[in-house]
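> This one is start37.txt, compact mmCIF, C-alpha atoms and all ligand atoms.
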# COMPACT_ATOMS: atom_id res chain seq x y z
CA MET K 1 -38.17 -26.60 -8.30
CA SER K 2 -38.34 -22.95 -9.42
CA ALA K 3 -35.52 -21.24 -11.29
CA ASP K 4 -35.25 -18.68 -8.48
CA LEU K 5 -34.51 -21.32 -5.89
CA LEU K 6 -31.87 -22.89 -8.10
CA THR K 7 -30.22 -19.47 -8.57
CA ALA K 8 -30.28 -18.83 -4.82
CA ASP K 9 -28.63 -22.22 -4.18
CA LEU K 10 -25.97 -21.52 -6.78
CA PHE K 11 -24.97 -18.14 -5.30
CA GLU K 12 -24.96 -19.61 -1.80
CA SER K 13 -21.83 -21.57 -2.72
CA VAL K 14 -19.97 -18.89 -4.68
CA PRO K 15 -17.50 -16.49 -2.98
CA ASP K 16 -18.66 -12.88 -2.82
CA LEU K 17 -16.37 -10.85 -5.12
CA ARG K 18 -18.11 -7.50 -4.66
CA PRO K 19 -16.01 -4.74 -3.12
CA SER K 20 -16.82 -4.21 0.56
CA ARG K 21 -15.89 -1.69 3.22
CA GLU K 22 -14.71 -2.36 6.74
CA ALA K 23 -13.69 0.14 9.45
CA MET K 24 -10.31 -0.86 10.92
CA ALA K 25 -10.09 2.07 13.35
CA ASP K 26 -11.34 5.65 13.60
CA GLY K 27 -10.25 7.13 10.20
CA ALA K 28 -8.98 3.83 8.73
CA VAL K 29 -11.17 2.17 6.09
CA LEU K 30 -10.48 -1.12 4.30
CA LEU K 31 -12.00 -1.24 0.79
CA ARG K 32 -11.75 -4.91 -0.15
CA GLY K 33 -11.27 -5.53 -3.89
CA PHE K 34 -11.48 -1.83 -4.78
CA ALA K 35 -8.50 -1.98 -7.19
CA ARG K 36 -9.53 -5.21 -8.92
CA PRO K 37 -11.25 -3.50 -11.89
CA VAL K 38 -7.97 -1.73 -12.82
CA GLU K 39 -5.45 -4.43 -11.83
CA ALA K 40 -4.13 -4.87 -15.39
CA GLU K 41 -3.51 -1.12 -15.88
CA LEU K 42 -1.77 -0.89 -12.51
CA ILE K 43 0.53 -3.83 -13.22
CA ALA K 44 1.43 -2.49 -16.69
CA ALA K 45 2.19 0.96 -15.25
CA ILE K 46 4.37 -0.53 -12.50
CA GLY K 47 6.38 -2.30 -15.23
CA GLU K 48 6.99 1.01 -17.00
CA ILE K 49 8.04 2.77 -13.79
CA VAL K 50 10.42 -0.01 -12.79
CA ALA K 51 12.04 0.07 -16.24
CA GLN K 52 13.06 3.71 -15.52
CA ALA K 53 13.60 3.49 -11.75
CA PRO K 54 14.40 -0.12 -10.76
CA PHE K 55 13.51 -1.65 -7.39
CA ARG K 56 16.40 -1.38 -4.92
CA HIS K 57 17.06 -2.32 -1.31
CA MET K 58 17.60 0.98 0.48
CA VAL K 59 19.78 1.33 3.55
CA THR K 60 18.42 2.62 6.87
CA PRO K 61 20.20 5.32 8.89
CA GLY K 62 21.35 2.45 11.16
CA GLY K 63 23.13 0.81 8.21
CA HIS K 64 20.74 -2.11 7.60
CA SER K 65 19.61 -3.02 4.10
CA MET K 66 15.79 -3.23 3.97
CA SER K 67 14.24 -6.61 3.06
CA VAL K 68 11.54 -4.75 1.08
CA ALA K 69 12.73 -3.43 -2.31
CA MET K 70 11.45 0.04 -3.21
CA THR K 71 11.04 2.59 -5.96
CA ASN K 72 8.82 5.67 -6.42
CA CYS K 73 6.82 7.69 -8.88
CA GLY K 74 5.50 11.23 -8.58
CA SER K 75 7.18 14.57 -7.94
CA ALA K 76 8.51 13.38 -4.58
CA GLY K 77 9.94 9.97 -3.70
CA TRP K 78 10.59 8.50 -0.24
CA VAL K 79 14.21 7.51 0.25
CA THR K 80 16.47 6.37 3.06
CA ASP K 81 20.24 6.16 3.30
CA ARG K 82 22.90 6.51 6.01
CA SER K 83 22.02 10.21 6.36
CA GLY K 84 18.33 9.61 7.17
CA TYR K 85 14.81 9.41 5.73
CA ARG K 86 13.53 12.10 3.36
CA TYR K 87 11.43 12.91 0.30
CA ASP K 88 13.57 13.64 -2.75
CA GLY K 89 12.52 14.89 -6.20
CA VAL K 90 15.19 12.78 -7.89
CA ASP K 91 16.16 9.12 -7.81
CA PRO K 92 19.53 9.07 -6.02
CA GLU K 93 20.61 6.05 -8.13
CA SER K 94 20.26 7.92 -11.44
CA GLY K 95 20.04 11.61 -10.52
CA ALA K 96 16.91 11.81 -12.71
CA PRO K 97 13.43 12.88 -11.55
CA TRP K 98 11.23 9.97 -10.45
CA PRO K 99 8.86 8.74 -13.21
CA ALA K 100 5.64 10.76 -13.36
CA MET K 101 2.66 9.41 -11.44
CA PRO K 102 0.39 7.67 -13.98
CA ARG K 103 -3.11 9.11 -14.31
CA SER K 104 -4.57 5.67 -13.44
CA PHE K 105 -2.73 5.82 -10.08
CA ARG K 106 -3.92 9.35 -9.25
CA VAL K 107 -7.52 8.63 -10.19
CA LEU K 108 -7.65 5.39 -8.20
CA ALA K 109 -6.09 6.99 -5.09
CA ALA K 110 -8.45 9.97 -5.23
CA ARG K 111 -11.52 7.73 -5.69
CA ALA K 112 -10.54 5.51 -2.78
CA ALA K 113 -9.88 8.53 -0.54
CA ALA K 114 -13.25 10.05 -1.47
CA GLU K 115 -14.94 6.72 -0.67
CA ALA K 116 -13.47 7.01 2.82
CA GLY K 117 -14.59 10.63 3.24
CA PHE K 118 -11.45 12.49 2.09
CA ASP K 119 -12.44 14.59 -0.91
CA GLY K 120 -9.76 16.26 -3.05
CA PHE K 121 -6.86 13.92 -2.22
CA ALA K 122 -4.01 14.86 -4.60
CA PRO K 123 -0.95 12.72 -3.83
CA ASP K 124 2.47 13.94 -4.97
CA ALA K 125 4.31 10.77 -3.91
CA CYS K 126 3.78 7.07 -4.58
CA LEU K 127 6.17 4.69 -2.85
CA ILE K 128 6.18 1.24 -4.48
CA ASN K 129 7.17 -1.59 -2.13
CA ARG K 130 8.05 -5.08 -3.38
CA TYR K 131 8.00 -8.03 -0.97
CA HIS K 132 9.51 -11.42 -1.80
CA THR K 133 9.16 -14.40 0.55
CA GLY K 134 10.33 -13.46 4.05
CA ALA K 135 10.43 -9.70 3.42
CA ARG K 136 8.87 -7.67 6.23
CA MET K 137 8.40 -4.13 7.46
CA SER K 138 8.87 -3.62 11.17
CA LEU K 139 6.52 -1.46 13.25
CA HIS K 140 6.92 2.24 12.37
CA GLN K 141 5.02 5.52 11.92
CA ASP K 142 4.82 7.45 8.64
CA LYS K 143 5.78 10.95 9.73
CA ASP K 144 8.15 12.28 7.07
CA GLU K 145 5.28 14.14 5.37
CA ASP K 146 4.64 17.87 5.89
CA ASP K 147 0.87 17.65 6.33
CA PHE K 148 -0.78 14.94 8.44
CA SER K 149 -4.28 16.19 7.57
CA ALA K 150 -4.04 14.36 4.21
CA PRO K 151 -4.70 10.61 4.37
CA ILE K 152 -2.41 7.85 3.10
CA VAL K 153 -3.90 5.44 0.55
CA SER K 154 -2.37 1.99 0.12
CA VAL K 155 -3.05 -0.56 -2.62
CA SER K 156 -2.13 -4.23 -2.15
CA LEU K 157 -1.30 -6.39 -5.20
CA GLY K 158 -0.14 -9.99 -5.56
CA LEU K 159 0.42 -12.33 -2.60
CA PRO K 160 -1.54 -11.69 0.60
CA ALA K 161 0.18 -10.18 3.64
CA VAL K 162 -0.51 -9.88 7.35
CA PHE K 163 -0.77 -6.19 8.22
CA LEU K 164 0.08 -5.25 11.81
CA PHE K 165 -1.93 -2.29 13.07
CA GLY K 166 -1.02 -0.77 16.43
CA GLY K 167 -1.85 2.57 17.98
CA LEU K 168 -0.22 5.91 18.75
CA GLN K 169 2.31 4.27 21.12
CA ARG K 170 4.90 1.77 19.91
CA SER K 171 3.90 -0.39 22.89
CA ASP K 172 0.22 -0.65 21.76
CA LYS K 173 -0.43 -4.32 20.90
CA PRO K 174 -0.92 -4.58 17.11
CA ARG K 175 -4.05 -6.15 15.65
CA ARG K 176 -3.59 -8.33 12.55
CA PHE K 177 -5.42 -7.90 9.24
CA ARG K 178 -4.97 -9.96 6.08
CA LEU K 179 -4.50 -7.69 3.05
CA GLU K 180 -5.17 -9.33 -0.29
CA HIS K 181 -4.73 -8.54 -3.97
CA GLY K 182 -6.87 -5.55 -4.92
CA ASP K 183 -7.50 -4.34 -1.36
CA ILE K 184 -7.16 -0.61 -0.67
CA VAL K 185 -6.81 0.96 2.76
CA VAL K 186 -7.29 4.66 3.47
CA TRP K 187 -5.58 5.90 6.65
CA GLY K 188 -6.63 9.31 7.83
CA GLY K 189 -7.73 11.24 10.87
CA PRO K 190 -6.66 9.74 14.18
CA SER K 191 -5.16 6.60 12.55
CA ARG K 192 -2.79 8.59 10.34
CA LEU K 193 0.03 8.37 12.89
CA PHE K 194 -0.64 4.85 14.16
CA PHE K 195 2.26 2.39 14.29
CA HIS K 196 2.00 -0.29 11.61
CA GLY K 197 4.03 -2.96 9.83
CA ILE K 198 3.95 -6.08 7.66
CA ALA K 199 4.71 -9.60 8.98
CA PRO K 200 7.26 -11.69 7.00
CA LEU K 201 5.68 -12.58 3.66
CA ALA K 202 4.64 -16.23 3.30
CA ASP K 203 5.62 -18.01 0.11
CA GLY K 204 2.95 -18.56 -2.51
CA GLU K 205 2.10 -18.06 -6.14
CA HIS K 206 -0.19 -15.29 -7.39
CA ALA K 207 -1.87 -15.69 -10.78
CA LEU K 208 -0.84 -12.22 -12.01
CA LEU K 209 2.30 -11.38 -10.01
CA GLY K 210 3.90 -14.72 -9.13
CA ARG K 211 5.85 -15.06 -5.88
CA GLN K 212 5.67 -11.44 -4.73
CA ARG K 213 3.53 -8.77 -3.15
CA ILE K 214 3.57 -5.17 -4.39
CA ASN K 215 2.17 -2.30 -2.34
CA LEU K 216 1.52 1.20 -3.65
CA THR K 217 1.47 3.86 -0.92
CA PHE K 218 0.11 7.25 -1.96
CA ARG K 219 1.02 10.29 0.11
CA LYS K 220 0.82 14.04 0.11
CA ALA K 221 4.45 14.63 1.06
CA ARG K 222 4.80 18.37 0.48
C1 LIG K 301 -1.21 3.05 8.71
N1 LIG K 301 3.89 0.03 3.82
O1 LIG K 301 5.46 2.06 3.03
S1 LIG K 301 0.86 0.06 3.58
C2 LIG K 301 5.05 2.08 4.20
O2 LIG K 301 2.18 -2.83 2.87
C3 LIG K 301 4.22 0.98 4.70
O3 LIG K 301 4.04 -2.01 2.20
C4 LIG K 301 3.17 -1.15 4.19
O4 LIG K 301 3.89 0.96 5.84
C5 LIG K 301 3.12 -2.06 3.00
O5 LIG K 301 5.29 3.01 4.99
C6 LIG K 301 1.82 -0.87 4.69
C7 LIG K 301 -0.24 0.62 4.69
C8 LIG K 301 0.01 1.83 5.49
C9 LIG K 301 0.68 2.92 5.02
C10 LIG K 301 0.73 4.05 5.80
C11 LIG K 301 0.11 4.11 7.04
C12 LIG K 301 -0.60 1.88 6.70
C13 LIG K 301 -0.56 3.00 7.48
C14 LIG K 301 0.11 5.26 7.84
C15 LIG K 301 -0.55 5.29 9.03
C16 LIG K 301 -1.20 4.18 9.48
FE FE K 302 4.27 2.93 6.73
Kindly return the structure encoded in the file as structure tokens.
Ligand code: MD3
Ligand code: FE


Amino acid sequence: MSADLLTADLFESVPDLRPSREAMADGAVLLRGFARPVEAELIAAIGEIVAQAPFRHMVTPGGHSMSVAMTNCGSAGWVTDRSGYRYDGVDPESGAPWPAMPRSFRVLAARAAAEAGFDGFAPDACLINRYHTGARMSLHQDKDEDDFSAPIVSVSLGLPAVFLFGGLQRSDKPRRFRLEHGDIVVWGGPSRLFFHGIAPLADGEHALLGRQRINLTFRKAR
């Protein structure tokens, strides 16, 4: 048997680890594995941010504590409390500015956005969400930003999650997508204001992050 045929047989049985692109909706592009080459830098940078601005369970205007723990980096951070949702330049827990957005974050977000057709994406906010087993995010729209013409870029790390992707109306039946470690999604154009959420996180163990999922959400807030 020729060496070529043996090689072909071998690769037939091996999972395909190359990044791939999939359209989820008009303006929404899933870049599978796009963050994998920089996973170690991202995880190290998250550790430095969390040392300055720890994860916390914020309270919604309705008085419920969120199951997802959050922190931010960048010149604007998304916060919620009894008075409402807003972007704030300082961490309300410390009164200090949010940690600066690491260069590795900015470069990755801009590259992913460009890959999806949005050149010149310059996020000023990065919300960092941490999910433990059972944590979820109910269906909502992201509309606290000043400019909806900029996309949102999200990076999934750690345990996989089921992403719920609806439409412009809350009543639109959500489709389900599995988001895995290293996946990036760019949400722009018509999908920018679509309702979306995350189903309760299933328990598991991730080789790099253990029993958690971390999501980075890059926005142009101001
Ligand atoms: C679709 N976070 O922080 S990221 C959020 O995985 C949020 O933690 C989820 O929704 C998470 O607001 C999902 C993906 C995401 C972010 C913004 C979107 C999807 C979006 C805006 C419009 C449409
Ligand atoms: Fe959202």

> Within 7 Å of ligand LIG 301 (chain K), counting all atoms listed in the file: which residues, as a ChimeraX atom specification?

/K:127,129,137,141-142,152-154,156,163,165,185,187,191-198,215,217

> Taking into account only C-alpha atoms and all ligand atoms, which residue in the set K:Ala116, K:Ala40, K:Cys73, K:Leu216 is nearest to ligand FE 302 (chain K)?

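The answer is K:Leu216, which sits nearest to ligand FE 302 (chain K).
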
> When you draw a straight line from CA of His181 in chain K to CA of Asp146 in chain K, how long is it in Å?

29.7 Å

> Using all atoms listed in the file, can you tell me which of K:Phe218, K:Val155, K:Arg111, K:Arg213 comes closest to Gly33 in chain K?

K:Val155

> Which one is closest to Gly63 in chain K: K:Met24, K:Pro102, K:Ala110, K:Arg82? Count only C-alpha atoms.

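Smallest distance to Gly63 in chain K is found for K:Arg82.
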
> Report, in Å with one decimal, the straight-line distance from CA of Pro123 in chain K to CA of Pro190 in chain K.

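Separating CA of Pro123 in chain K from CA of Pro190 in chain K is a distance of 19.1 Å.
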
> Around the point (-14.2, 3.3, 9.1) (coordinates from the file), which residues reach within 12 Å if we count only C-alpha atoms? Answer as a PyMOL selection string.

chain K and resi 20-31+113+115-118+185-191

> Rounded to one decimal place, report the CA of Gly134 in chain K-CA of Ser65 in chain K distance in Å.

14.0 Å

> Using only C-alpha atoms, can you tell me which of K:His206, K:Val162, K:Glu41, K:Ser75 comes closest to Val90 in chain K?

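When distances to Val90 in chain K are compared using only C-alpha atoms, the smallest one comes from K:Ser75.
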
> Please determine, counting only C-alpha atoms, which residue among K:Ser171, K:Ser149, K:Ser94, K:Ser138 has the shortest atom-to-atom distance to Val68 in chain K.

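Residue with the minimum atom-to-atom distance to Val68 in chain K: K:Ser138.
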
> Rank nothing, just name the residue among K:Gly166, K:Gly204, K:Gly182, K:Gly120 nearest to ligand FE 302 (chain K), using all atoms listed in the file.

K:Gly166

> Determine, counting all atoms listed in the file, which protein, DNA and RNA residues have an atom within 10 Å of an atom of Leu201 in chain K; residues of the same chain fewer than 5 positions away are not included. Present the result as a list in words.

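These residues fall inside the cut-off: Tyr131, His132, Thr133, Gly134, Ala135, Arg136, Met137, Leu159, Pro160, Ala161, Val162, Arg211, Gln212 and Arg213 of chain K.
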
> Which polymer residues, protein or nucleic acid, are no farther than 9 Å from (-0.3, -1.6, -11.3), counting all atoms listed in the file, as a PyMOL selection string?

chain K and resi 38-47+104-105+157+214+216
